$ cat my_file-v6.pdb   # PDB, C-alpha atoms
ATOM      1  CA  MET A   1      90.860-147.236 -70.328  1.00  0.00           C
ATOM      2  CA  ALA A   2      88.388-146.604 -67.540  1.00  0.00           C
ATOM      3  CA  ASN A   3      89.605-144.546 -64.636  1.00  0.00           C
ATOM      4  CA  ASN A   4      89.533-146.855 -61.621  1.00  0.00           C
ATOM      5  CA  ASN A   5      91.838-144.785 -59.505  1.00  0.00           C
ATOM      6  CA  ILE A   6      91.172-143.378 -56.096  1.00  0.00           C
ATOM      7  CA  GLY A   7      93.535-140.482 -55.957  1.00  0.00           C
ATOM      8  CA  PRO A   8      96.398-140.234 -58.404  1.00  0.00           C
ATOM      9  CA  LYS A   9      98.225-143.483 -57.581  1.00  0.00           C
ATOM     10  CA  ARG A  10      96.115-146.288 -56.119  1.00  0.00           C
ATOM     11  CA  LEU A  11      94.338-148.734 -58.455  1.00  0.00           C
ATOM     12  CA  VAL A  12      91.125-150.115 -56.982  1.00  0.00           C
ATOM     13  CA  VAL A  13      91.544-153.837 -57.403  1.00  0.00           C
ATOM     14  CA  GLY A  14      90.873-156.721 -55.073  1.00  0.00           C
ATOM     15  CA  ALA A  15      92.540-160.088 -54.688  1.00  0.00           C
ATOM     16  CA  SER A  16      90.805-161.002 -57.987  1.00  0.00           C
ATOM     17  CA  TYR A  17      89.459-164.274 -56.629  1.00  0.00           C
ATOM     18  CA  GLY A  18      85.990-162.984 -57.419  1.00  0.00           C
ATOM     19  CA  LEU A  19      86.815-162.733 -61.115  1.00  0.00           C
ATOM     20  CA  ARG A  20      88.705-166.040 -61.039  1.00  0.00           C
ATOM     21  CA  ASP A  21      85.760-167.889 -59.483  1.00  0.00           C
ATOM     22  CA  TRP A  22      83.273-166.178 -61.796  1.00  0.00           C
ATOM     23  CA  LEU A  23      85.321-167.208 -64.839  1.00  0.00           C
ATOM     24  CA  ALA A  24      85.958-170.722 -63.505  1.00  0.00           C
ATOM     25  CA  GLN A  25      82.232-171.242 -63.001  1.00  0.00           C
ATOM     26  CA  ARG A  26      81.609-170.337 -66.659  1.00  0.00           C
ATOM     27  CA  VAL A  27      84.473-172.410 -68.070  1.00  0.00           C
ATOM     28  CA  THR A  28      83.509-175.488 -66.023  1.00  0.00           C
ATOM     29  CA  ALA A  29      79.913-174.957 -67.190  1.00  0.00           C
ATOM     30  CA  ILE A  30      81.037-175.150 -70.829  1.00  0.00           C
ATOM     31  CA  VAL A  31      83.027-178.362 -70.174  1.00  0.00           C
ATOM     32  CA  MET A  32      80.011-179.960 -68.467  1.00  0.00           C
ATOM     33  CA  ALA A  33      77.676-178.749 -71.230  1.00  0.00           C
ATOM     34  CA  ILE A  34      79.798-180.507 -73.892  1.00  0.00           C
ATOM     35  CA  TYR A  35      79.797-183.709 -71.808  1.00  0.00           C
ATOM     36  CA  THR A  36      76.018-183.387 -71.363  1.00  0.00           C
ATOM     37  CA  ILE A  37      75.489-183.170 -75.119  1.00  0.00           C
ATOM     38  CA  ILE A  38      77.605-186.337 -75.605  1.00  0.00           C
ATOM     39  CA  LEU A  39      75.582-188.185 -72.939  1.00  0.00           C
ATOM     40  CA  LEU A  40      72.280-186.972 -74.427  1.00  0.00           C
ATOM     41  CA  GLY A  41      73.372-188.267 -77.839  1.00  0.00           C
ATOM     42  CA  LEU A  42      74.375-191.651 -76.360  1.00  0.00           C
ATOM     43  CA  PHE A  43      71.078-191.989 -74.483  1.00  0.00           C
ATOM     44  CA  LEU A  44      68.764-190.914 -77.291  1.00  0.00           C
ATOM     45  CA  THR A  45      70.453-193.083 -79.946  1.00  0.00           C
ATOM     46  CA  GLY A  46      71.001-196.069 -77.631  1.00  0.00           C
ATOM     47  CA  LYS A  47      69.001-199.268 -78.030  1.00  0.00           C
ATOM     48  CA  ASN A  48      68.701-202.381 -75.860  1.00  0.00           C
ATOM     49  CA  PHE A  49      70.432-200.996 -72.783  1.00  0.00           C
ATOM     50  CA  ASN A  50      72.452-203.650 -70.970  1.00  0.00           C
ATOM     51  CA  HIS A  51      75.270-203.809 -68.472  1.00  0.00           C
ATOM     52  CA  ALA A  52      77.938-204.894 -70.995  1.00  0.00           C
ATOM     53  CA  GLY A  53      77.310-201.896 -73.264  1.00  0.00           C
ATOM     54  CA  TRP A  54      77.070-199.375 -70.421  1.00  0.00           C
ATOM     55  CA  ALA A  55      80.149-200.658 -68.567  1.00  0.00           C
ATOM     56  CA  GLY A  56      81.937-200.892 -71.934  1.00  0.00           C
ATOM     57  CA  ILE A  57      81.671-197.110 -72.354  1.00  0.00           C
ATOM     58  CA  PHE A  58      83.129-196.524 -68.885  1.00  0.00           C
ATOM     59  CA  ALA A  59      85.818-199.177 -69.376  1.00  0.00           C
ATOM     60  CA  MET A  60      87.581-196.954 -71.904  1.00  0.00           C
ATOM     61  CA  GLN A  61      90.409-195.046 -70.256  1.00  0.00           C
ATOM     62  CA  TRP A  62      89.730-191.784 -72.117  1.00  0.00           C
ATOM     63  CA  PHE A  63      86.082-191.861 -71.045  1.00  0.00           C
ATOM     64  CA  LYS A  64      87.073-192.409 -67.403  1.00  0.00           C
ATOM     65  CA  MET A  65      89.409-189.425 -67.622  1.00  0.00           C
ATOM     66  CA  ALA A  66      86.804-187.257 -69.388  1.00  0.00           C
ATOM     67  CA  THR A  67      84.193-188.183 -66.786  1.00  0.00           C
ATOM     68  CA  PHE A  68      86.572-187.504 -63.916  1.00  0.00           C
ATOM     69  CA  SER A  69      87.447-184.095 -65.408  1.00  0.00           C
ATOM     70  CA  VAL A  70      83.730-183.335 -65.498  1.00  0.00           C
ATOM     71  CA  VAL A  71      83.414-184.401 -61.849  1.00  0.00           C
ATOM     72  CA  ILE A  72      86.214-182.016 -60.876  1.00  0.00           C
ATOM     73  CA  CYS A  73      84.545-179.263 -62.940  1.00  0.00           C
ATOM     74  CA  LEU A  74      81.300-180.024 -61.095  1.00  0.00           C
ATOM     75  CA  LEU A  75      83.136-179.745 -57.776  1.00  0.00           C
ATOM     76  CA  TYR A  76      84.408-176.248 -58.534  1.00  0.00           C
ATOM     77  CA  HIS A  77      81.189-175.147 -60.255  1.00  0.00           C
ATOM     78  CA  ALA A  78      78.957-176.321 -57.410  1.00  0.00           C
ATOM     79  CA  TRP A  79      81.315-174.793 -54.844  1.00  0.00           C
ATOM     80  CA  VAL A  80      81.029-171.342 -56.441  1.00  0.00           C
ATOM     81  CA  GLY A  81      77.262-171.734 -56.800  1.00  0.00           C
ATOM     82  CA  MET A  82      76.643-172.936 -53.241  1.00  0.00           C
ATOM     83  CA  ARG A  83      79.023-170.323 -51.834  1.00  0.00           C
ATOM     84  CA  ASP A  84      76.917-167.665 -53.618  1.00  0.00           C
ATOM     85  CA  VAL A  85      73.750-169.180 -52.154  1.00  0.00           C
ATOM     86  CA  TRP A  86      75.167-169.115 -48.602  1.00  0.00           C
ATOM     87  CA  MET A  87      76.427-165.556 -49.111  1.00  0.00           C
ATOM     88  CA  ASP A  88      72.937-164.483 -50.276  1.00  0.00           C
ATOM     89  CA  TYR A  89      70.802-166.180 -47.630  1.00  0.00           C
ATOM     90  CA  VAL A  90      72.969-166.803 -44.560  1.00  0.00           C
ATOM     91  CA  THR A  91      73.768-163.211 -43.772  1.00  0.00           C
ATOM     92  CA  HIS A  92      73.216-162.767 -40.061  1.00  0.00           C
ATOM     93  CA  ASN A  93      75.949-164.925 -38.640  1.00  0.00           C
ATOM     94  CA  VAL A  94      79.357-165.296 -40.242  1.00  0.00           C
ATOM     95  CA  PHE A  95      80.120-168.392 -38.166  1.00  0.00           C
ATOM     96  CA  VAL A  96      76.966-170.197 -39.344  1.00  0.00           C
ATOM     97  CA  ARG A  97      77.850-169.302 -42.928  1.00  0.00           C
ATOM     98  CA  LEU A  98      81.374-170.631 -42.436  1.00  0.00           C
ATOM     99  CA  VAL A  99      79.949-173.916 -41.140  1.00  0.00           C
ATOM    100  CA  PHE A 100      77.748-174.206 -44.246  1.00  0.00           C
ATOM    101  CA  GLN A 101      80.685-173.406 -46.517  1.00  0.00           C
ATOM    102  CA  VAL A 102      82.971-175.959 -44.889  1.00  0.00           C
ATOM    103  CA  ALA A 103      80.189-178.563 -45.037  1.00  0.00           C
ATOM    104  CA  THR A 104      79.773-177.793 -48.759  1.00  0.00           C
ATOM    105  CA  ILE A 105      83.477-178.358 -49.409  1.00  0.00           C
ATOM    106  CA  VAL A 106      83.538-181.617 -47.439  1.00  0.00           C
ATOM    107  CA  TRP A 107      80.361-182.814 -49.211  1.00  0.00           C
ATOM    108  CA  LEU A 108      81.780-182.074 -52.664  1.00  0.00           C
ATOM    109  CA  ILE A 109      85.228-183.572 -52.045  1.00  0.00           C
ATOM    110  CA  ALA A 110      83.636-186.719 -50.600  1.00  0.00           C
ATOM    111  CA  CYS A 111      81.446-187.003 -53.721  1.00  0.00           C
ATOM    112  CA  ALA A 112      84.471-186.556 -56.011  1.00  0.00           C
ATOM    113  CA  GLY A 113      86.255-189.351 -54.130  1.00  0.00           C
ATOM    114  CA  TYR A 114      83.222-191.615 -54.483  1.00  0.00           C
ATOM    115  CA  ALA A 115      83.091-190.834 -58.232  1.00  0.00           C
ATOM    116  CA  ALA A 116      86.771-191.766 -58.632  1.00  0.00           C
ATOM    117  CA  GLN A 117      86.151-195.057 -56.833  1.00  0.00           C
ATOM    118  CA  ILE A 118      83.165-195.846 -59.076  1.00  0.00           C
ATOM    119  CA  LEU A 119      85.025-194.996 -62.263  1.00  0.00           C
ATOM    120  CA  TRP A 120      88.222-196.921 -61.621  1.00  0.00           C
ATOM    121  CA  ARG A 121      86.417-200.008 -60.366  1.00  0.00           C
ATOM    122  CA  VAL A 122      84.913-200.647 -63.812  1.00  0.00           C
TER     123      VAL A 122
ATOM    124  CA  MET B   1      57.323-143.914 -36.076  1.00  0.00           C
ATOM    125  CA  SER B   2      55.451-147.074 -37.056  1.00  0.00           C
ATOM    126  CA  GLU B   3      56.286-146.436 -40.717  1.00  0.00           C
ATOM    127  CA  VAL B   4      59.953-146.364 -39.876  1.00  0.00           C
ATOM    128  CA  VAL B   5      59.635-149.741 -38.188  1.00  0.00           C
ATOM    129  CA  LYS B   6      57.769-151.168 -41.176  1.00  0.00           C
ATOM    130  CA  ALA B   7      60.346-149.980 -43.695  1.00  0.00           C
ATOM    131  CA  ARG B   8      63.162-151.724 -41.858  1.00  0.00           C
ATOM    132  CA  PRO B   9      65.044-153.849 -44.384  1.00  0.00           C
ATOM    133  CA  ARG B  10      65.024-157.590 -43.898  1.00  0.00           C
ATOM    134  CA  PHE B  11      67.997-159.822 -44.397  1.00  0.00           C
ATOM    135  CA  GLY B  12      68.981-163.349 -45.264  1.00  0.00           C
ATOM    136  CA  VAL B  13      66.333-166.034 -45.392  1.00  0.00           C
ATOM    137  CA  MET B  14      63.622-163.476 -44.470  1.00  0.00           C
ATOM    138  CA  ARG B  15      64.263-161.678 -47.749  1.00  0.00           C
ATOM    139  CA  LEU B  16      63.730-164.929 -49.659  1.00  0.00           C
ATOM    140  CA  ILE B  17      60.509-165.579 -47.742  1.00  0.00           C
ATOM    141  CA  ASP B  18      59.308-162.044 -48.575  1.00  0.00           C
ATOM    142  CA  ALA B  19      60.040-162.648 -52.232  1.00  0.00           C
ATOM    143  CA  VAL B  20      58.079-165.901 -52.270  1.00  0.00           C
ATOM    144  CA  PHE B  21      55.116-164.991 -50.061  1.00  0.00           C
ATOM    145  CA  GLY B  22      55.143-161.192 -49.940  1.00  0.00           C
ATOM    146  CA  GLY B  23      52.898-160.630 -52.936  1.00  0.00           C
ATOM    147  CA  TYR B  24      55.838-159.662 -55.129  1.00  0.00           C
ATOM    148  CA  ARG B  25      55.180-161.062 -58.583  1.00  0.00           C
ATOM    149  CA  LEU B  26      58.347-162.434 -60.129  1.00  0.00           C
ATOM    150  CA  PRO B  27      58.879-161.590 -63.802  1.00  0.00           C
ATOM    151  CA  LEU B  28      59.362-164.636 -66.036  1.00  0.00           C
ATOM    152  CA  ALA B  29      63.114-164.065 -66.229  1.00  0.00           C
ATOM    153  CA  GLY B  30      63.225-164.028 -62.431  1.00  0.00           C
ATOM    154  CA  PHE B  31      61.242-167.255 -62.334  1.00  0.00           C
ATOM    155  CA  VAL B  32      63.775-168.922 -64.670  1.00  0.00           C
ATOM    156  CA  SER B  33      66.578-167.512 -62.540  1.00  0.00           C
ATOM    157  CA  ILE B  34      65.234-168.818 -59.214  1.00  0.00           C
ATOM    158  CA  LEU B  35      64.536-172.214 -60.802  1.00  0.00           C
ATOM    159  CA  HIS B  36      68.171-172.215 -61.976  1.00  0.00           C
ATOM    160  CA  ARG B  37      69.264-171.758 -58.377  1.00  0.00           C
ATOM    161  CA  ALA B  38      66.728-174.224 -56.940  1.00  0.00           C
ATOM    162  CA  SER B  39      67.629-176.926 -59.466  1.00  0.00           C
ATOM    163  CA  GLY B  40      71.330-176.390 -58.771  1.00  0.00           C
ATOM    164  CA  MET B  41      70.791-176.776 -55.024  1.00  0.00           C
ATOM    165  CA  LEU B  42      68.618-179.852 -55.548  1.00  0.00           C
ATOM    166  CA  MET B  43      71.292-181.540 -57.659  1.00  0.00           C
ATOM    167  CA  PHE B  44      73.973-180.572 -55.132  1.00  0.00           C
ATOM    168  CA  LEU B  45      71.960-182.245 -52.359  1.00  0.00           C
ATOM    169  CA  LEU B  46      71.157-185.334 -54.439  1.00  0.00           C
ATOM    170  CA  LEU B  47      74.719-185.748 -55.745  1.00  0.00           C
ATOM    171  CA  PRO B  48      75.539-188.774 -53.527  1.00  0.00           C
ATOM    172  CA  PHE B  49      72.252-190.414 -54.554  1.00  0.00           C
ATOM    173  CA  ILE B  50      73.027-189.862 -58.265  1.00  0.00           C
ATOM    174  CA  LEU B  51      76.518-191.292 -57.761  1.00  0.00           C
ATOM    175  CA  TYR B  52      74.970-194.246 -55.925  1.00  0.00           C
ATOM    176  CA  LEU B  53      72.794-194.949 -58.975  1.00  0.00           C
ATOM    177  CA  LEU B  54      75.873-194.727 -61.241  1.00  0.00           C
ATOM    178  CA  ASP B  55      77.715-197.065 -58.873  1.00  0.00           C
ATOM    179  CA  LYS B  56      74.896-199.645 -58.979  1.00  0.00           C
ATOM    180  CA  SER B  57      74.598-199.401 -62.756  1.00  0.00           C
ATOM    181  CA  LEU B  58      78.316-200.027 -63.305  1.00  0.00           C
ATOM    182  CA  ALA B  59      79.381-202.361 -60.478  1.00  0.00           C
ATOM    183  CA  SER B  60      78.184-205.685 -61.921  1.00  0.00           C
ATOM    184  CA  GLU B  61      75.543-207.457 -64.016  1.00  0.00           C
ATOM    185  CA  ALA B  62      73.651-208.279 -60.813  1.00  0.00           C
ATOM    186  CA  THR B  63      73.509-204.710 -59.456  1.00  0.00           C
ATOM    187  CA  PHE B  64      72.585-203.448 -62.937  1.00  0.00           C
ATOM    188  CA  ALA B  65      69.644-205.869 -63.043  1.00  0.00           C
ATOM    189  CA  GLU B  66      68.713-204.908 -59.472  1.00  0.00           C
ATOM    190  CA  LEU B  67      68.627-201.241 -60.452  1.00  0.00           C
ATOM    191  CA  GLN B  68      66.596-202.074 -63.564  1.00  0.00           C
ATOM    192  CA  VAL B  69      63.944-203.676 -61.339  1.00  0.00           C
ATOM    193  CA  CYS B  70      63.977-200.736 -58.867  1.00  0.00           C
ATOM    194  CA  THR B  71      63.513-198.154 -61.629  1.00  0.00           C
ATOM    195  CA  SER B  72      60.952-200.022 -63.729  1.00  0.00           C
ATOM    196  CA  GLY B  73      57.976-198.621 -61.784  1.00  0.00           C
ATOM    197  CA  VAL B  74      56.120-195.539 -62.982  1.00  0.00           C
ATOM    198  CA  PHE B  75      56.782-193.619 -59.744  1.00  0.00           C
ATOM    199  CA  ALA B  76      60.552-194.234 -59.863  1.00  0.00           C
ATOM    200  CA  LYS B  77      60.582-193.143 -63.500  1.00  0.00           C
ATOM    201  CA  LEU B  78      58.706-189.929 -62.634  1.00  0.00           C
ATOM    202  CA  VAL B  79      61.257-189.157 -59.898  1.00  0.00           C
ATOM    203  CA  ILE B  80      64.074-189.687 -62.408  1.00  0.00           C
ATOM    204  CA  LEU B  81      62.198-187.506 -64.901  1.00  0.00           C
ATOM    205  CA  ALA B  82      61.938-184.726 -62.289  1.00  0.00           C
ATOM    206  CA  LEU B  83      65.712-184.918 -61.787  1.00  0.00           C
ATOM    207  CA  ILE B  84      66.193-184.867 -65.577  1.00  0.00           C
ATOM    208  CA  TRP B  85      64.033-181.738 -65.742  1.00  0.00           C
ATOM    209  CA  ALA B  86      66.079-180.075 -62.971  1.00  0.00           C
ATOM    210  CA  TYR B  87      69.275-180.901 -64.876  1.00  0.00           C
ATOM    211  CA  LEU B  88      67.966-179.725 -68.249  1.00  0.00           C
ATOM    212  CA  HIS B  89      66.521-176.522 -66.814  1.00  0.00           C
ATOM    213  CA  HIS B  90      69.863-175.771 -65.171  1.00  0.00           C
ATOM    214  CA  PHE B  91      71.589-176.594 -68.485  1.00  0.00           C
ATOM    215  CA  CYS B  92      69.343-174.352 -70.645  1.00  0.00           C
ATOM    216  CA  ALA B  93      69.179-171.476 -68.152  1.00  0.00           C
ATOM    217  CA  GLY B  94      72.964-171.723 -67.780  1.00  0.00           C
ATOM    218  CA  ILE B  95      73.465-171.342 -71.536  1.00  0.00           C
ATOM    219  CA  ARG B  96      71.160-168.273 -71.394  1.00  0.00           C
ATOM    220  CA  HIS B  97      73.350-166.839 -68.623  1.00  0.00           C
ATOM    221  CA  LEU B  98      76.493-167.482 -70.691  1.00  0.00           C
ATOM    222  CA  PHE B  99      75.028-165.468 -73.589  1.00  0.00           C
ATOM    223  CA  MET B 100      74.048-162.707 -71.168  1.00  0.00           C
ATOM    224  CA  ASP B 101      77.625-162.684 -69.851  1.00  0.00           C
ATOM    225  CA  LEU B 102      78.644-161.913 -73.445  1.00  0.00           C
ATOM    226  CA  HIS B 103      76.119-159.015 -73.356  1.00  0.00           C
ATOM    227  CA  TYR B 104      73.603-160.613 -75.711  1.00  0.00           C
ATOM    228  CA  GLY B 105      69.890-160.169 -75.018  1.00  0.00           C
ATOM    229  CA  LEU B 106      70.198-157.958 -71.971  1.00  0.00           C
ATOM    230  CA  ASP B 107      67.241-155.652 -72.615  1.00  0.00           C
ATOM    231  CA  LYS B 108      63.861-156.364 -71.019  1.00  0.00           C
ATOM    232  CA  ASP B 109      62.066-157.812 -74.042  1.00  0.00           C
ATOM    233  CA  ALA B 110      64.942-160.004 -75.190  1.00  0.00           C
ATOM    234  CA  ALA B 111      65.479-161.280 -71.631  1.00  0.00           C
ATOM    235  CA  ARG B 112      61.794-162.206 -71.384  1.00  0.00           C
ATOM    236  CA  GLN B 113      61.867-163.958 -74.763  1.00  0.00           C
ATOM    237  CA  SER B 114      64.971-165.963 -73.872  1.00  0.00           C
ATOM    238  CA  ALA B 115      63.366-166.885 -70.529  1.00  0.00           C
ATOM    239  CA  VAL B 116      60.364-168.263 -72.429  1.00  0.00           C
ATOM    240  CA  GLY B 117      62.794-170.050 -74.735  1.00  0.00           C
ATOM    241  CA  VAL B 118      64.585-171.685 -71.773  1.00  0.00           C
ATOM    242  CA  LEU B 119      61.297-172.967 -70.323  1.00  0.00           C
ATOM    243  CA  VAL B 120      60.077-174.269 -73.699  1.00  0.00           C
ATOM    244  CA  VAL B 121      63.369-175.931 -74.727  1.00  0.00           C
ATOM    245  CA  SER B 122      63.971-177.547 -71.326  1.00  0.00           C
ATOM    246  CA  LEU B 123      60.395-178.868 -71.125  1.00  0.00           C
ATOM    247  CA  VAL B 124      60.482-180.208 -74.703  1.00  0.00           C
ATOM    248  CA  LEU B 125      63.853-181.894 -74.070  1.00  0.00           C
ATOM    249  CA  THR B 126      62.474-183.346 -70.825  1.00  0.00           C
ATOM    250  CA  ALA B 127      59.435-184.642 -72.711  1.00  0.00           C
ATOM    251  CA  VAL B 128      61.663-186.279 -75.354  1.00  0.00           C
ATOM    252  CA  LEU B 129      63.817-187.937 -72.663  1.00  0.00           C
ATOM    253  CA  GLY B 130      60.619-188.943 -70.833  1.00  0.00           C
ATOM    254  CA  LEU B 131      59.349-190.697 -73.966  1.00  0.00           C
ATOM    255  CA  LYS B 132      62.687-192.515 -74.209  1.00  0.00           C
ATOM    256  CA  LEU B 133      62.535-193.345 -70.481  1.00  0.00           C
ATOM    257  CA  PHE B 134      59.072-194.885 -70.866  1.00  0.00           C
ATOM    258  CA  GLY B 135      60.274-196.843 -73.876  1.00  0.00           C
ATOM    259  CA  VAL B 136      58.269-195.090 -76.587  1.00  0.00           C
ATOM    260  CA  PHE B 137      61.221-195.087 -79.016  1.00  0.00           C
TER     261      PHE B 137
END

$ encode --input "my_file-v6.pdb" --output "structure tokens"
Amino acid sequence: MANNNIGPKRLVVGASYGLRDWLAQRVTAIVMAIYTIILLGLFLTGKNFNHAGWAGIFAMQWFKMATFSVVICLLYHAWVGMRDVWMDYVTHNVFVRLVFQVATIVWLIACAGYAAQILWRV
Amino acid sequence: MSEVVKARPRFGVMRLIDAVFGGYRLPLAGFVSILHRASGMLMFLLLPFILYLLDKSLASEATFAELQVCTSGVFAKLVILALIWAYLHHFCAGIRHLFMDLHYGLDKDAARQSAVGVLVVSLVLTAVLGLKLFGVF
């Protein structure tokens, strides 16, 4: 094992949220990628698009749940991504960065709520 | 003294501006990488608009027909195609990043080749979806 110690006792580890967010961004990416492939297949093989067929897909309970899971994955994924963007480019003022980060969270949660409303109205 | 002032590091948005306008030529892998970020930010900003389109398409027969009329023009279709390209680029570049996370293709040549691959695959996929969008098949 690599020697991560400073001195004989202390292990250099953080709160690990960096690793957790990094991993979560990858895992949510895989979930969304699978959903994307399903949607691509539906679109490319679909013929005569109409409301009944389209709403019929979203009327199925399992598809609502799958879509909502993807929305929640998107929420986390986009949060990590946008947080990285703010950390990279908004570096001079911590308060301004905090405002951007809070706005990002509000934006994403509002969108997730809107998505839930759309899905369960079908 | 003046050299010291010139060499002062720049931070934040200024660093981005330097990278874009400062005569620094991005390698192809860097180009794919910045497009990955730009497309992600674009989709983040347009998320409510995309959800609005989904809402209209699902709400009722009438709103579906309304949306069909709105998106039947060439310009509207090109805007949708641009969004599709942003999504597919993010998708393909993301898969490249996942492989790199697993330590595949990290050396310079392989990274350049996979960057070319991302651009080619995402553009071809966009073209295929564009043909479908314009009703070719």

$ atom_distance --input "my_file-v6.pdb" --atom1 "atom CA of Asp55 of chain B" --atom2 "atom CA of Phe58 of chain A"
11.4 Å

$ residues_around --input "my_file-v6.pdb" --residues "segment 90-107 of chain A" --least-positions-apart "2" --cutoff "7 Å" --atoms "all atoms listed in the file" --output "list in words"
Trp79, Arg83, Trp86, Met87, Asp88, Ile109, Ala110 and Cys111 of chain A; Phe11, Gly12 and Val13 of chain B

$ write_last_selection --input "my_file-v6.pdb" --atoms "C-alpha atoms" --output "mmCIF file, in the frame of the given file"
data_model
loop_
_atom_site.group_PDB
_atom_site.id
_atom_site.type_symbol
_atom_site.label_atom_id
_atom_site.label_comp_id
_atom_site.auth_asym_id
_atom_site.auth_seq_id
_atom_site.Cartn_x
_atom_site.Cartn_y
_atom_site.Cartn_z
ATOM 1 C CA TRP A 79 81.315 -174.793 -54.844
ATOM 2 C CA ARG A 83 79.023 -170.323 -51.834
ATOM 3 C CA TRP A 86 75.167 -169.115 -48.602
ATOM 4 C CA MET A 87 76.427 -165.556 -49.111
ATOM 5 C CA ASP A 88 72.937 -164.483 -50.276
ATOM 6 C CA ILE A 109 85.228 -183.572 -52.045
ATOM 7 C CA ALA A 110 83.636 -186.719 -50.600
ATOM 8 C CA CYS A 111 81.446 -187.003 -53.721
ATOM 9 C CA PHE B 11 67.997 -159.822 -44.397
ATOM 10 C CA GLY B 12 68.981 -163.349 -45.264
ATOM 11 C CA VAL B 13 66.333 -166.034 -45.392
#

$ residues_near_point --input "my_file-v6.pdb" --point "(73.3, -189.9, -58.2)" --cutoff "12 Å" --atoms "only C-alpha atoms" --output "list of chain:residue names"
A:Cys111, A:Ala112, A:Tyr114, A:Ala115, A:Ile118, B:Leu42, B:Met43, B:Phe44, B:Leu45, B:Leu46, B:Leu47, B:Pro48, B:Phe49, B:Ile50, B:Leu51, B:Tyr52, B:Leu53, B:Leu54, B:Asp55, B:Lys56, B:Ser57, B:Ile80, B:Leu83, B:Ile84, B:Tyr87

$ write_last_selection --input "my_file-v6.pdb" --atoms "C-alpha atoms" --output "CSV table (one decimal), keeping the file's coordinate frame"
chain,number,residue,atom,x,y,z
A,111,CYS,CA,81.4,-187.0,-53.7
A,112,ALA,CA,84.5,-186.6,-56.0
A,114,TYR,CA,83.2,-191.6,-54.5
A,115,ALA,CA,83.1,-190.8,-58.2
A,118,ILE,CA,83.2,-195.8,-59.1
B,42,LEU,CA,68.6,-179.9,-55.5
B,43,MET,CA,71.3,-181.5,-57.7
B,44,PHE,CA,74.0,-180.6,-55.1
B,45,LEU,CA,72.0,-182.2,-52.4
B,46,LEU,CA,71.2,-185.3,-54.4
B,47,LEU,CA,74.7,-185.7,-55.7
B,48,PRO,CA,75.5,-188.8,-53.5
B,49,PHE,CA,72.3,-190.4,-54.6
B,50,ILE,CA,73.0,-189.9,-58.3
B,51,LEU,CA,76.5,-191.3,-57.8
B,52,TYR,CA,75.0,-194.2,-55.9
B,53,LEU,CA,72.8,-194.9,-59.0
B,54,LEU,CA,75.9,-194.7,-61.2
B,55,ASP,CA,77.7,-197.1,-58.9
B,56,LYS,CA,74.9,-199.6,-59.0
B,57,SER,CA,74.6,-199.4,-62.8
B,80,ILE,CA,64.1,-189.7,-62.4
B,83,LEU,CA,65.7,-184.9,-61.8
B,84,ILE,CA,66.2,-184.9,-65.6
B,87,TYR,CA,69.3,-180.9,-64.9

$ residues_around --input "my_file-v6.pdb" --residues "segment 116-128 of chain B" --least-positions-apart "3" --cutoff "12 Å" --atoms "all atoms listed in the file" --output "VMD selection string"
(chain A and resid 37 40 43 to 44) or (chain B and resid 27 to 33 35 to 36 78 80 to 97 109 to 113 131 to 137)

$ atom_distance --input "my_file-v6.pdb" --atom1 "atom CA of Ile30 of chain A" --atom2 "atom CA of Met82 of chain A"
18.3 Å

$ atom_distance --input "my_file-v6.pdb" --atom1 "atom CA of Met32 of chain A" --atom2 "atom CA of Ala66 of chain A"
10.0 Å
